[in-house]
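Visitor: Structure provided below as structure tokens; questions to follow.
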Amino acid sequence: MNYKRITLLAGHYGSGKTNIAVNMAFRLKKDYEKVAIADIDIVNPYFRTKDSQTELEANGIKLICSEYANSNVDIPALPQEIYSVIDNKEVMAVVDIGGDDRGAYALGRYAPGIIEEGNYDMLFVVNKFRPLTPDARSTVEIMHEIEAAGKIKFTGIINNSNIGNETTADDVLDSLNYADEISRIACLPVVMTTVMAELFDALDGKIPNLFALKLQKKLS
Amino acid sequence: MADKVLMKGNEAIAEAAIIAGCRHYFGYPITPQTEIAAYMAKRMPKIGGTFLQAESEIAAINMVYGVSSTGKRVMTSSSSPGISLKGEGLSYLAGADLPALVINVQRGGPGLGGIQPSQSDYFQATKGGAHGDFRMIVLAPSSVQEMADMTVKGFDLADKYRMTAMVLADGTMGQMMEPVSLDYEIGAPVEKPWATTGTKMERPHNIVNSLFLVPDELEKSNFERFERYKYIEENECMYEEYMMDDAEICVTAFGIAARVSKNAINAAREMGIKVGLIRPITLWPFPVAPYRKAADKVKEIISVELSMGQMIEDVKLASECKVPVTLCNRVGGMIPSPEQVLDAIKNAANGGAK
């Protein structure tokens with residue numbers, strides 16, 4: 001996949017956005033000097049990009065997140081530094097957006113600047129094994145809700161269909177039809193299929209744009 | 001694995017409740033259980049059910065009282081401070097012998113505390129939870145699958161015994177995602193001849209009430225209720241034993257603490273230490289039998305808790321203090337690490353508590 005300057009990740013909550021965002025930042029760091037990951041999730045106070053703070057910073061990736069993330073202060077705060085990502089055109093950025101339309105509202109205020117620059121991808125993360133997005137139609141319904149709230153149209157789809165550590169290669173292959181159907185209905189390309197690193201070899205060559213994920217663990 | 005879905009613990013509770021026939025949910029948002037309400041808000045309107053965000057936790061539990069009086073399956077959910085607010089309603093439900101399912105996804109306390117996981121509402125859940133002599137059936141899931149299973153089980157037990165069943169989870173169990181199978185056989189609804197469904201001029205009025213004007217009648221209702229509790233203690237205990245057959249050290253824990261403990265036990269076994277786990281699944285009724293058995297053969301029991309030591313009191317009672325019972329804990333939203341539990345096991349193996 002050719003990365004634009006800003007990659008926005010949105011989707012149904014629990015679809016895997018944060019894990020993909022962190023992995024994508026590590027991938028970008030291989031090709032670019034300045035990489036930032038911005039967490040504008042105002043919905044989920046529990047599992048956040050900040051869980052990977054040590055590893056991100058050790059790799060020279062700038063983490064921008066609310067100073068209240070992972071604290072006991074349960075308020076939907078946004079980091080003021082987010083503008084440094086939008087305004088500084090030398091930075092390659094991954095933006096992790098909160099789940100569903102509720103999470104995407106936070107994106108709306110930054111949307112005009114991002115659209116004006118015009119160097120972004122807005123990617124829709126999907127997982128057919130999540131209970132409220134079992135079929136293409138229900139998934140696209142959520143996609144439209146997110147677009148309306150975030151004020152940016154999606155440009156592509158990431159198929160992250162998985163059932164946690166019980167996922168098999170066949171489960172991933174079975175999900176391709178689901179992703180393709182979303183692609184047809186939404187008129188958007190499937191730009192990436194993400195799988196846990198352990199499944200990569202079994203699927204390599206069978207699926208275009210396969211991306212291996214390392215699970216980011218919460219450390220307490 | 002295609003028959004499974006990937007769910008958060010909170011979602012698993014909500015979907016399992018719907019499968020169990022619950023069509024009435026009343027709640028008020030509080031981290032870390034808000035996904036239950038959010039899920040119900042999305043699903044209930046699509047299946048002809050009622051989702052209502054009440055003006056407070058107190059209102060929500062009294063709405064539960066109202067719906068339960070009509071014989072319908074009903075639930076509410078909250079997290080620690082919100083459960084305290086529901087206390088009065090829980091007592092009224094008990095006094096009126098009404099079935100209900102209440103979910104507590106615990107967070108750190110006391111007071112407003114914090115939003116991270118905790119098990120420090122054990123006393124509140126197992127010793128009554130509000131004024132008056134009463135009990136709640138308390139179920140402690142230790143996986144996302146069990147979050148769903150205990151929800152279904154909770155409704156069944158509540159209906160069977162006309163009392164509140166509480167699923168006592170914690171923030172980690174609510175937020176973590178795991179594969180879940182929601183393949184349940186739901187039995188026919190329990191007959192509820194006491195419900196206020198309208199007399200149709202064919203029977204006397206049913207009255208749901210917790211007020212008694214005559215003291216000896218109130219005493220009689222208490223005696224009768226406790227006969228039922230005694231039956232439950234004898235018949236409904238659930239627990240898991242893990243590697244207890246040859247164990248010389250016993251770890252005991254429920255919920256998330258039991259998962260951490262299993263990792264530590266596996267590591268200790270690799271080092272040749274004979275250690276096992278007793279995991280209570282019902283916290284009330286508390287499963288006394290496995291501790292009686294363990295107390296005659298192990299040299300120490302280690303209670304692993306996300307509290308300052310609450311279940312440990314029941315463990316001491318159950319084991320009749322025949323062996324030392326020690327505490328291994330973290331509090332305030334922190335979780336004991338497998339290493340911390342392993343250290344406690346190693347300490348016990350080396351002579352342990354004095």
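Simple scheme: letters A, B, ... for chains in structure tokens order, numbers from 1 for residues in each chain, numbers from 1 for ligands in the order shown.
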Among segment 118-279 of chain B, which ones does DSSP assign to alpha helix (DSSP H) (computed from the backbone)? Answer as number ranges by chain.

Guide: B: 122-126, 144-161, 171-175, 215-235, 255-270

Visitor: Select from segment 159-216 of chain A every residue with an atom at most 10 Å from any atom of segment 16-22 of chain A, then for each give the shortest pair of atoms and their distance in Å to one decimal, using only C-alpha atoms, rows by chain and rising number, as a Markdown table.

Guide:
| residue | atom | partner | partner_atom | distance |
| --- | --- | --- | --- | --- |
| A:Asn159 | CA | A:Gly16 | CA | 9.8 |
| A:Asn160 | CA | A:Gly16 | CA | 6.9 |
| A:Ser161 | CA | A:Gly16 | CA | 9.0 |
| A:Asn162 | CA | A:Gly16 | CA | 9.2 |
| A:Thr194 | CA | A:Ile20 | CA | 8.0 |
| A:Val195 | CA | A:Ile20 | CA | 9.9 |
| A:Phe211 | CA | A:Ile20 | CA | 9.4 |
| A:Ala212 | CA | A:Ile20 | CA | 9.5 |
| A:Leu213 | CA | A:Ile20 | CA | 7.0 |
| A:Lys214 | CA | A:Asn19 | CA | 7.9 |
| A:Leu215 | CA | A:Asn19 | CA | 6.6 |
| A:Gln216 | CA | A:Asn19 | CA | 6.0 |

Visitor: May I have the residues from that selection written out with C-alpha atoms, as a compact mmCIF listing (two decimals), in the first residue's frame?

Guide:
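Writing done, so here's out-v4.txt:
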# COMPACT_ATOMS: atom_id res chain seq x y z
CA ASN A 159 -10.30 -6.26 6.34
CA ASN A 160 -9.30 -7.19 9.88
CA SER A 161 -11.69 -10.12 10.25
CA ASN A 162 -10.51 -12.23 13.16
CA THR A 194 -4.58 -7.70 8.29
CA VAL A 195 -3.73 -10.95 10.08
CA PHE A 211 -0.25 -7.14 6.47
CA ALA A 212 1.10 -8.97 9.54
CA LEU A 213 0.03 -7.61 12.92
CA LYS A 214 1.76 -7.96 16.24
CA LEU A 215 -0.76 -7.84 19.08
CA GLN A 216 -0.19 -4.83 21.28

Visitor: Output as an NGL selection string the set of chain B residues within 10 Å of chain A, with distances taken over only C-alpha atoms.

Guide: :B and (1-8 or 11-12 or 15 or 30-32 or 34-35 or 39 or 42-43 or 108 or 112-117 or 171-172 or 175-180 or 332-337)

Visitor: Suppose we keep C-alpha atoms; can you now write the selection as a PDB file, in the first residue's frame?

Guide:
ATOM      1  CA  MET B   1     -14.613 -21.360  14.487  1.00  0.00           C
ATOM      2  CA  ALA B   2     -17.160 -19.707  12.260  1.00  0.00           C
ATOM      3  CA  ASP B   3     -19.956 -20.250  14.817  1.00  0.00           C
ATOM      4  CA  LYS B   4     -18.212 -17.925  17.230  1.00  0.00           C
ATOM      5  CA  VAL B   5     -18.082 -14.157  17.426  1.00  0.00           C
ATOM      6  CA  LEU B   6     -15.419 -11.875  18.854  1.00  0.00           C
ATOM      7  CA  MET B   7     -16.952  -9.952  21.720  1.00  0.00           C
ATOM      8  CA  LYS B   8     -16.170  -7.679  24.578  1.00  0.00           C
ATOM      9  CA  GLU B  11     -21.308  -7.058  24.826  1.00  0.00           C
ATOM     10  CA  ALA B  12     -21.420 -10.769  25.649  1.00  0.00           C
ATOM     11  CA  GLU B  15     -26.393 -10.327  23.866  1.00  0.00           C
ATOM     12  CA  ILE B  30     -20.704   4.409  34.003  1.00  0.00           C
ATOM     13  CA  THR B  31     -17.259   3.203  32.968  1.00  0.00           C
ATOM     14  CA  PRO B  32     -16.278   0.363  32.626  1.00  0.00           C
ATOM     15  CA  THR B  34     -21.160   1.426  29.448  1.00  0.00           C
ATOM     16  CA  GLU B  35     -20.969  -0.956  26.460  1.00  0.00           C
ATOM     17  CA  TYR B  39     -25.375  -2.481  23.039  1.00  0.00           C
ATOM     18  CA  LYS B  42     -28.792  -0.505  19.567  1.00  0.00           C
ATOM     19  CA  ARG B  43     -30.412  -3.927  19.828  1.00  0.00           C
ATOM     20  CA  GLY B 108     -11.565   0.677  42.074  1.00  0.00           C
ATOM     21  CA  LEU B 112     -15.649   7.642  43.189  1.00  0.00           C
ATOM     22  CA  GLY B 113     -12.390   5.685  43.134  1.00  0.00           C
ATOM     23  CA  GLY B 114     -11.248   5.071  39.583  1.00  0.00           C
ATOM     24  CA  ILE B 115     -12.264   3.405  36.341  1.00  0.00           C
ATOM     25  CA  GLN B 116      -9.741   0.563  36.352  1.00  0.00           C
ATOM     26  CA  PRO B 117     -10.651  -2.992  37.443  1.00  0.00           C
ATOM     27  CA  GLY B 171     -13.381  -3.789  34.337  1.00  0.00           C
ATOM     28  CA  THR B 172     -10.976  -6.170  32.652  1.00  0.00           C
ATOM     29  CA  GLN B 175     -13.479  -4.657  28.323  1.00  0.00           C
ATOM     30  CA  MET B 176     -11.461  -7.624  27.091  1.00  0.00           C
ATOM     31  CA  MET B 177     -12.321  -9.345  23.815  1.00  0.00           C
ATOM     32  CA  GLU B 178     -12.451 -13.105  23.285  1.00  0.00           C
ATOM     33  CA  PRO B 179     -14.217 -15.587  21.021  1.00  0.00           C
ATOM     34  CA  VAL B 180     -17.686 -16.480  22.290  1.00  0.00           C
ATOM     35  CA  GLY B 332      -7.011   0.641  43.289  1.00  0.00           C
ATOM     36  CA  GLY B 333      -7.273  -0.540  39.688  1.00  0.00           C
ATOM     37  CA  MET B 334      -4.023  -2.511  39.651  1.00  0.00           C
ATOM     38  CA  ILE B 335      -3.925  -6.238  38.841  1.00  0.00           C
ATOM     39  CA  PRO B 336      -1.560  -8.753  40.491  1.00  0.00           C
ATOM     40  CA  SER B 337       1.006  -9.984  37.954  1.00  0.00           C
TER      41      SER B 337
END

Visitor: Point out the residue among A:Leu199, A:Ile142, A:Val35, A:Ile75 with the least atom-to-atom distance to Lys89 of chain A, counting only C-alpha atoms.

Guide: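 Of A:Leu199, A:Ile142, A:Val35, A:Ile75, the one nearest Lys89 of chain A, counting only C-alpha atoms, is A:Val35.
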
Visitor: So what do you get for atom CA of Gly9 of chain B versus atom CA of Met147 of chain B, distance-wise?

Guide: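 It comes out at 6.0 Å.
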
Visitor: May I have the residues within 12 Å of Asp31 of chain A as an MDAnalysis selection string, using only C-alpha atoms and disregarding those fewer than 3 positions away in the same chain?

Guide: chainID A and resid 2:3 24:28 34:35 91:92

Visitor: Leaving out Cys237 of chain B and any residue of its chain fewer than 2 positions from it, which residues lie within 9 Å of it when counting only C-alpha atoms, given as a ChimeraX atom specification?

Guide: /B:232-235,239,280-288

Visitor: Please report the interatomic distance between atom CA of Glu117 of chain A and atom CA of Ile86 of chain A in Å with one decimal.

Guide: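 We find that atom CA of Glu117 of chain A and atom CA of Ile86 of chain A lie 8.9 Å from each other.
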
Visitor: Please report the interatomic distance between atom CA of Ser66 of chain A and atom CA of Lys50 of chain A in Å with one decimal.

Guide: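 Interatomic distance here is 9.1 Å.
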
Visitor: Using only C-alpha atoms, what does the table of segment 144-206 of chain B residues within 7 Å of segment 68-79 of chain B look like, with each row giving the shortest atom pair and its distance in Å to one decimal, sorted by chain and ascending number, as a tab-separated table?

Guide:
residue	atom	partner	partner_atom	distance
B:Lys192	CA	B:Gly71	CA	6.1
B:Ala195	CA	B:Thr70	CA	5.0
B:Thr196	CA	B:Thr70	CA	4.9
B:Thr197	CA	B:Thr70	CA	5.6

Visitor: Determine, counting only C-alpha atoms, which protein, DNA and RNA residues have an atom within 10 Å of an atom of Lys153 of chain A; residues of the same chain fewer than 3 positions away are not included. Present the result as an MDAnalysis selection string.

Guide: chainID A and resid 111 115 121:124 143:144 146:148 150 156

Visitor: Hey, what's within 9 Å of Arg162 of chain B if we count only C-alpha atoms and toss same-chain stuff fewer than 2 positions away? As an MDAnalysis selection string, please?

Guide: chainID B and resid 94 96:100 157:160 164

Visitor: Those same residues - N, CA, C and O atoms - I'd like them written as a PDB file, in the first residue's frame.

Guide:
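Saved as out.pdb:
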ATOM      1  N   ALA B  94     -35.499  -7.945  47.265  1.00  0.00           N
ATOM      2  CA  ALA B  94     -35.405  -9.115  48.147  1.00  0.00           C
ATOM      3  C   ALA B  94     -36.651  -9.216  49.024  1.00  0.00           C
ATOM      4  O   ALA B  94     -37.231 -10.294  49.170  1.00  0.00           O
ATOM      5  N   ALA B  96     -39.583  -8.195  48.460  1.00  0.00           N
ATOM      6  CA  ALA B  96     -40.786  -8.540  47.698  1.00  0.00           C
ATOM      7  C   ALA B  96     -40.623  -9.869  46.961  1.00  0.00           C
ATOM      8  O   ALA B  96     -41.499 -10.261  46.194  1.00  0.00           O
ATOM      9  N   ASP B  97     -39.468 -10.534  47.178  1.00  0.00           N
ATOM     10  CA  ASP B  97     -39.178 -11.816  46.509  1.00  0.00           C
ATOM     11  C   ASP B  97     -39.328 -11.723  44.991  1.00  0.00           C
ATOM     12  O   ASP B  97     -40.017 -12.533  44.359  1.00  0.00           O
ATOM     13  N   LEU B  98     -38.668 -10.721  44.419  1.00  0.00           N
ATOM     14  CA  LEU B  98     -38.728 -10.531  42.970  1.00  0.00           C
ATOM     15  C   LEU B  98     -37.428 -10.977  42.312  1.00  0.00           C
ATOM     16  O   LEU B  98     -36.346 -10.653  42.802  1.00  0.00           O
ATOM     17  N   PRO B  99     -37.524 -11.687  41.186  1.00  0.00           N
ATOM     18  CA  PRO B  99     -36.325 -12.061  40.453  1.00  0.00           C
ATOM     19  C   PRO B  99     -35.793 -10.894  39.613  1.00  0.00           C
ATOM     20  O   PRO B  99     -36.576 -10.115  39.066  1.00  0.00           O
ATOM     21  N   ALA B 100     -34.481 -10.761  39.557  1.00  0.00           N
ATOM     22  CA  ALA B 100     -33.872  -9.739  38.704  1.00  0.00           C
ATOM     23  C   ALA B 100     -32.418 -10.118  38.456  1.00  0.00           C
ATOM     24  O   ALA B 100     -31.827 -10.858  39.244  1.00  0.00           O
ATOM     25  N   LEU B 157     -31.548 -18.797  37.569  1.00  0.00           N
ATOM     26  CA  LEU B 157     -31.526 -18.931  39.027  1.00  0.00           C
ATOM     27  C   LEU B 157     -32.442 -17.890  39.678  1.00  0.00           C
ATOM     28  O   LEU B 157     -33.133 -18.173  40.656  1.00  0.00           O
ATOM     29  N   ALA B 158     -32.418 -16.681  39.138  1.00  0.00           N
ATOM     30  CA  ALA B 158     -33.249 -15.616  39.697  1.00  0.00           C
ATOM     31  C   ALA B 158     -34.731 -15.997  39.622  1.00  0.00           C
ATOM     32  O   ALA B 158     -35.477 -15.858  40.595  1.00  0.00           O
ATOM     33  N   ASP B 159     -35.138 -16.508  38.470  1.00  0.00           N
ATOM     34  CA  ASP B 159     -36.536 -16.914  38.299  1.00  0.00           C
ATOM     35  C   ASP B 159     -36.879 -18.091  39.195  1.00  0.00           C
ATOM     36  O   ASP B 159     -37.952 -18.143  39.805  1.00  0.00           O
ATOM     37  N   LYS B 160     -35.948 -19.060  39.261  1.00  0.00           N
ATOM     38  CA  LYS B 160     -36.200 -20.282  40.017  1.00  0.00           C
ATOM     39  C   LYS B 160     -36.406 -19.973  41.505  1.00  0.00           C
ATOM     40  O   LYS B 160     -37.268 -20.555  42.150  1.00  0.00           O
ATOM     41  N   THR B 164     -32.670 -11.834  43.488  1.00  0.00           N
ATOM     42  CA  THR B 164     -31.718 -11.189  42.589  1.00  0.00           C
ATOM     43  C   THR B 164     -30.498 -12.069  42.392  1.00  0.00           C
ATOM     44  O   THR B 164     -29.957 -12.606  43.356  1.00  0.00           O
TER      45      THR B 164
END

Visitor: Among segment 169-306 of chain B, which ones does DSSP assign to strand (DSSP E) (computed from the backbone)? Answer as a list in words.

Guide: Ala169, Asp170, Met177, Glu178, Pro179, Val180, Tyr239, Glu240, Glu241, Tyr242, Ile249, Cys250, Val251, Thr252, Val275, Gly276, Leu277, Ile278, Arg279, Pro280, Thr282, Leu283, Trp284, Glu300, Ile301, Ile302, Ser303, Val304 and Glu305 of chain B

Visitor: Deliver the residues from the most recent selection as a file, using N, CA, C and O atoms, as a CSV table (one decimal), in the first residue's frame.

Guide:
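Saved result, out.csv, follows:
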chain,number,residue,atom,x,y,z
B,169,ALA,N,-18.5,-9.0,37.9
B,169,ALA,CA,-17.3,-9.0,37.0
B,169,ALA,C,-16.4,-7.9,37.4
B,169,ALA,O,-16.6,-7.3,38.4
B,170,ASP,N,-15.5,-7.5,36.6
B,170,ASP,CA,-14.6,-6.4,36.8
B,170,ASP,C,-14.3,-5.7,35.5
B,170,ASP,O,-14.6,-6.3,34.4
B,177,MET,N,-11.6,-8.7,24.9
B,177,MET,CA,-12.3,-9.3,23.8
B,177,MET,C,-11.8,-10.8,23.7
B,177,MET,O,-10.6,-11.0,23.7
B,178,GLU,N,-12.8,-11.7,23.5
B,178,GLU,CA,-12.5,-13.1,23.3
B,178,GLU,C,-13.5,-13.7,22.4
B,178,GLU,O,-14.6,-13.2,22.3
B,179,PRO,N,-13.2,-14.9,21.8
B,179,PRO,CA,-14.2,-15.6,21.0
B,179,PRO,C,-15.3,-16.1,21.9
B,179,PRO,O,-15.0,-16.6,23.0
B,180,VAL,N,-16.6,-16.0,21.5
B,180,VAL,CA,-17.7,-16.5,22.3
B,180,VAL,C,-18.6,-17.3,21.4
B,180,VAL,O,-18.9,-16.9,20.3
B,239,TYR,N,-18.0,-24.3,41.3
B,239,TYR,CA,-16.5,-24.0,41.4
B,239,TYR,C,-15.7,-24.8,40.4
B,239,TYR,O,-16.2,-25.8,39.9
B,240,GLU,N,-14.5,-24.4,40.2
B,240,GLU,CA,-13.6,-25.1,39.4
B,240,GLU,C,-12.4,-25.5,40.2
B,240,GLU,O,-11.8,-24.6,40.9
B,241,GLU,N,-11.9,-26.7,40.1
B,241,GLU,CA,-10.6,-27.1,40.7
B,241,GLU,C,-9.6,-27.3,39.5
B,241,GLU,O,-9.9,-28.0,38.6
B,242,TYR,N,-8.4,-26.8,39.7
B,242,TYR,CA,-7.4,-26.9,38.7
B,242,TYR,C,-6.1,-27.4,39.3
B,242,TYR,O,-5.6,-26.8,40.2
B,249,ILE,N,0.1,-26.9,47.8
B,249,ILE,CA,-0.3,-25.5,48.0
B,249,ILE,C,-1.5,-25.2,47.2
B,249,ILE,O,-1.7,-25.7,46.1
B,250,CYS,N,-2.4,-24.4,47.8
B,250,CYS,CA,-3.7,-24.1,47.1
B,250,CYS,C,-3.8,-22.6,46.9
B,250,CYS,O,-3.7,-21.8,47.9
B,251,VAL,N,-3.9,-22.2,45.6
B,251,VAL,CA,-4.2,-20.8,45.3
B,251,VAL,C,-5.7,-20.7,45.2
B,251,VAL,O,-6.3,-21.6,44.6
B,252,THR,N,-6.3,-19.7,45.6
B,252,THR,CA,-7.8,-19.5,45.4
B,252,THR,C,-8.0,-18.1,44.9
B,252,THR,O,-7.4,-17.1,45.4
B,275,VAL,N,1.2,-27.2,43.1
B,275,VAL,CA,0.2,-26.2,43.5
B,275,VAL,C,-1.0,-26.3,42.6
B,275,VAL,O,-0.9,-26.6,41.4
B,276,GLY,N,-2.2,-26.0,43.1
B,276,GLY,CA,-3.4,-26.0,42.4
B,276,GLY,C,-4.3,-24.8,42.7
B,276,GLY,O,-3.9,-23.9,43.5
B,277,LEU,N,-5.4,-24.8,42.0
B,277,LEU,CA,-6.3,-23.6,42.2
B,277,LEU,C,-7.8,-24.0,42.5
B,277,LEU,O,-8.3,-25.0,41.9
B,278,ILE,N,-8.4,-23.4,43.5
B,278,ILE,CA,-9.8,-23.5,43.7
B,278,ILE,C,-10.4,-22.1,43.2
B,278,ILE,O,-10.0,-21.1,43.7
B,279,ARG,N,-11.3,-22.2,42.2
B,279,ARG,CA,-11.9,-21.0,41.7
B,279,ARG,C,-13.4,-21.1,41.9
B,279,ARG,O,-14.1,-21.8,41.3
B,280,PRO,N,-13.9,-20.3,42.9
B,280,PRO,CA,-15.3,-20.2,43.1
B,280,PRO,C,-16.0,-19.6,41.9
B,280,PRO,O,-15.5,-18.5,41.5
B,282,THR,N,-19.7,-19.5,42.0
B,282,THR,CA,-20.7,-18.8,42.8
B,282,THR,C,-19.9,-18.3,44.0
B,282,THR,O,-19.3,-19.0,44.7
B,283,LEU,N,-20.0,-17.0,44.2
B,283,LEU,CA,-19.4,-16.4,45.5
B,283,LEU,C,-20.4,-16.4,46.6
B,283,LEU,O,-20.0,-16.5,47.8
B,284,TRP,N,-21.7,-16.3,46.3
B,284,TRP,CA,-22.8,-16.8,47.2
B,284,TRP,C,-23.7,-17.6,46.4
B,284,TRP,O,-24.2,-17.1,45.4
B,300,GLU,N,-0.7,-24.5,52.8
B,300,GLU,CA,-1.1,-23.1,52.8
B,300,GLU,C,-2.1,-22.8,51.7
B,300,GLU,O,-2.1,-23.4,50.6
B,301,ILE,N,-3.0,-21.9,52.0
B,301,ILE,CA,-3.9,-21.4,51.0
B,301,ILE,C,-3.6,-19.9,50.7
B,301,ILE,O,-3.4,-19.2,51.7
B,302,ILE,N,-3.4,-19.6,49.4
B,302,ILE,CA,-3.1,-18.2,49.1
B,302,ILE,C,-4.3,-17.6,48.4
B,302,ILE,O,-4.8,-18.1,47.3
B,303,SER,N,-4.9,-16.6,48.9
B,303,SER,CA,-6.1,-15.9,48.3
B,303,SER,C,-5.6,-14.7,47.5
B,303,SER,O,-5.0,-13.8,48.0
B,304,VAL,N,-5.8,-14.8,46.1
B,304,VAL,CA,-5.4,-13.8,45.2
B,304,VAL,C,-6.6,-12.9,44.9
B,304,VAL,O,-7.6,-13.4,44.4
B,305,GLU,N,-6.5,-11.7,45.3
B,305,GLU,CA,-7.7,-10.8,45.1
B,305,GLU,C,-7.3,-9.4,44.6
B,305,GLU,O,-6.2,-8.9,44.9
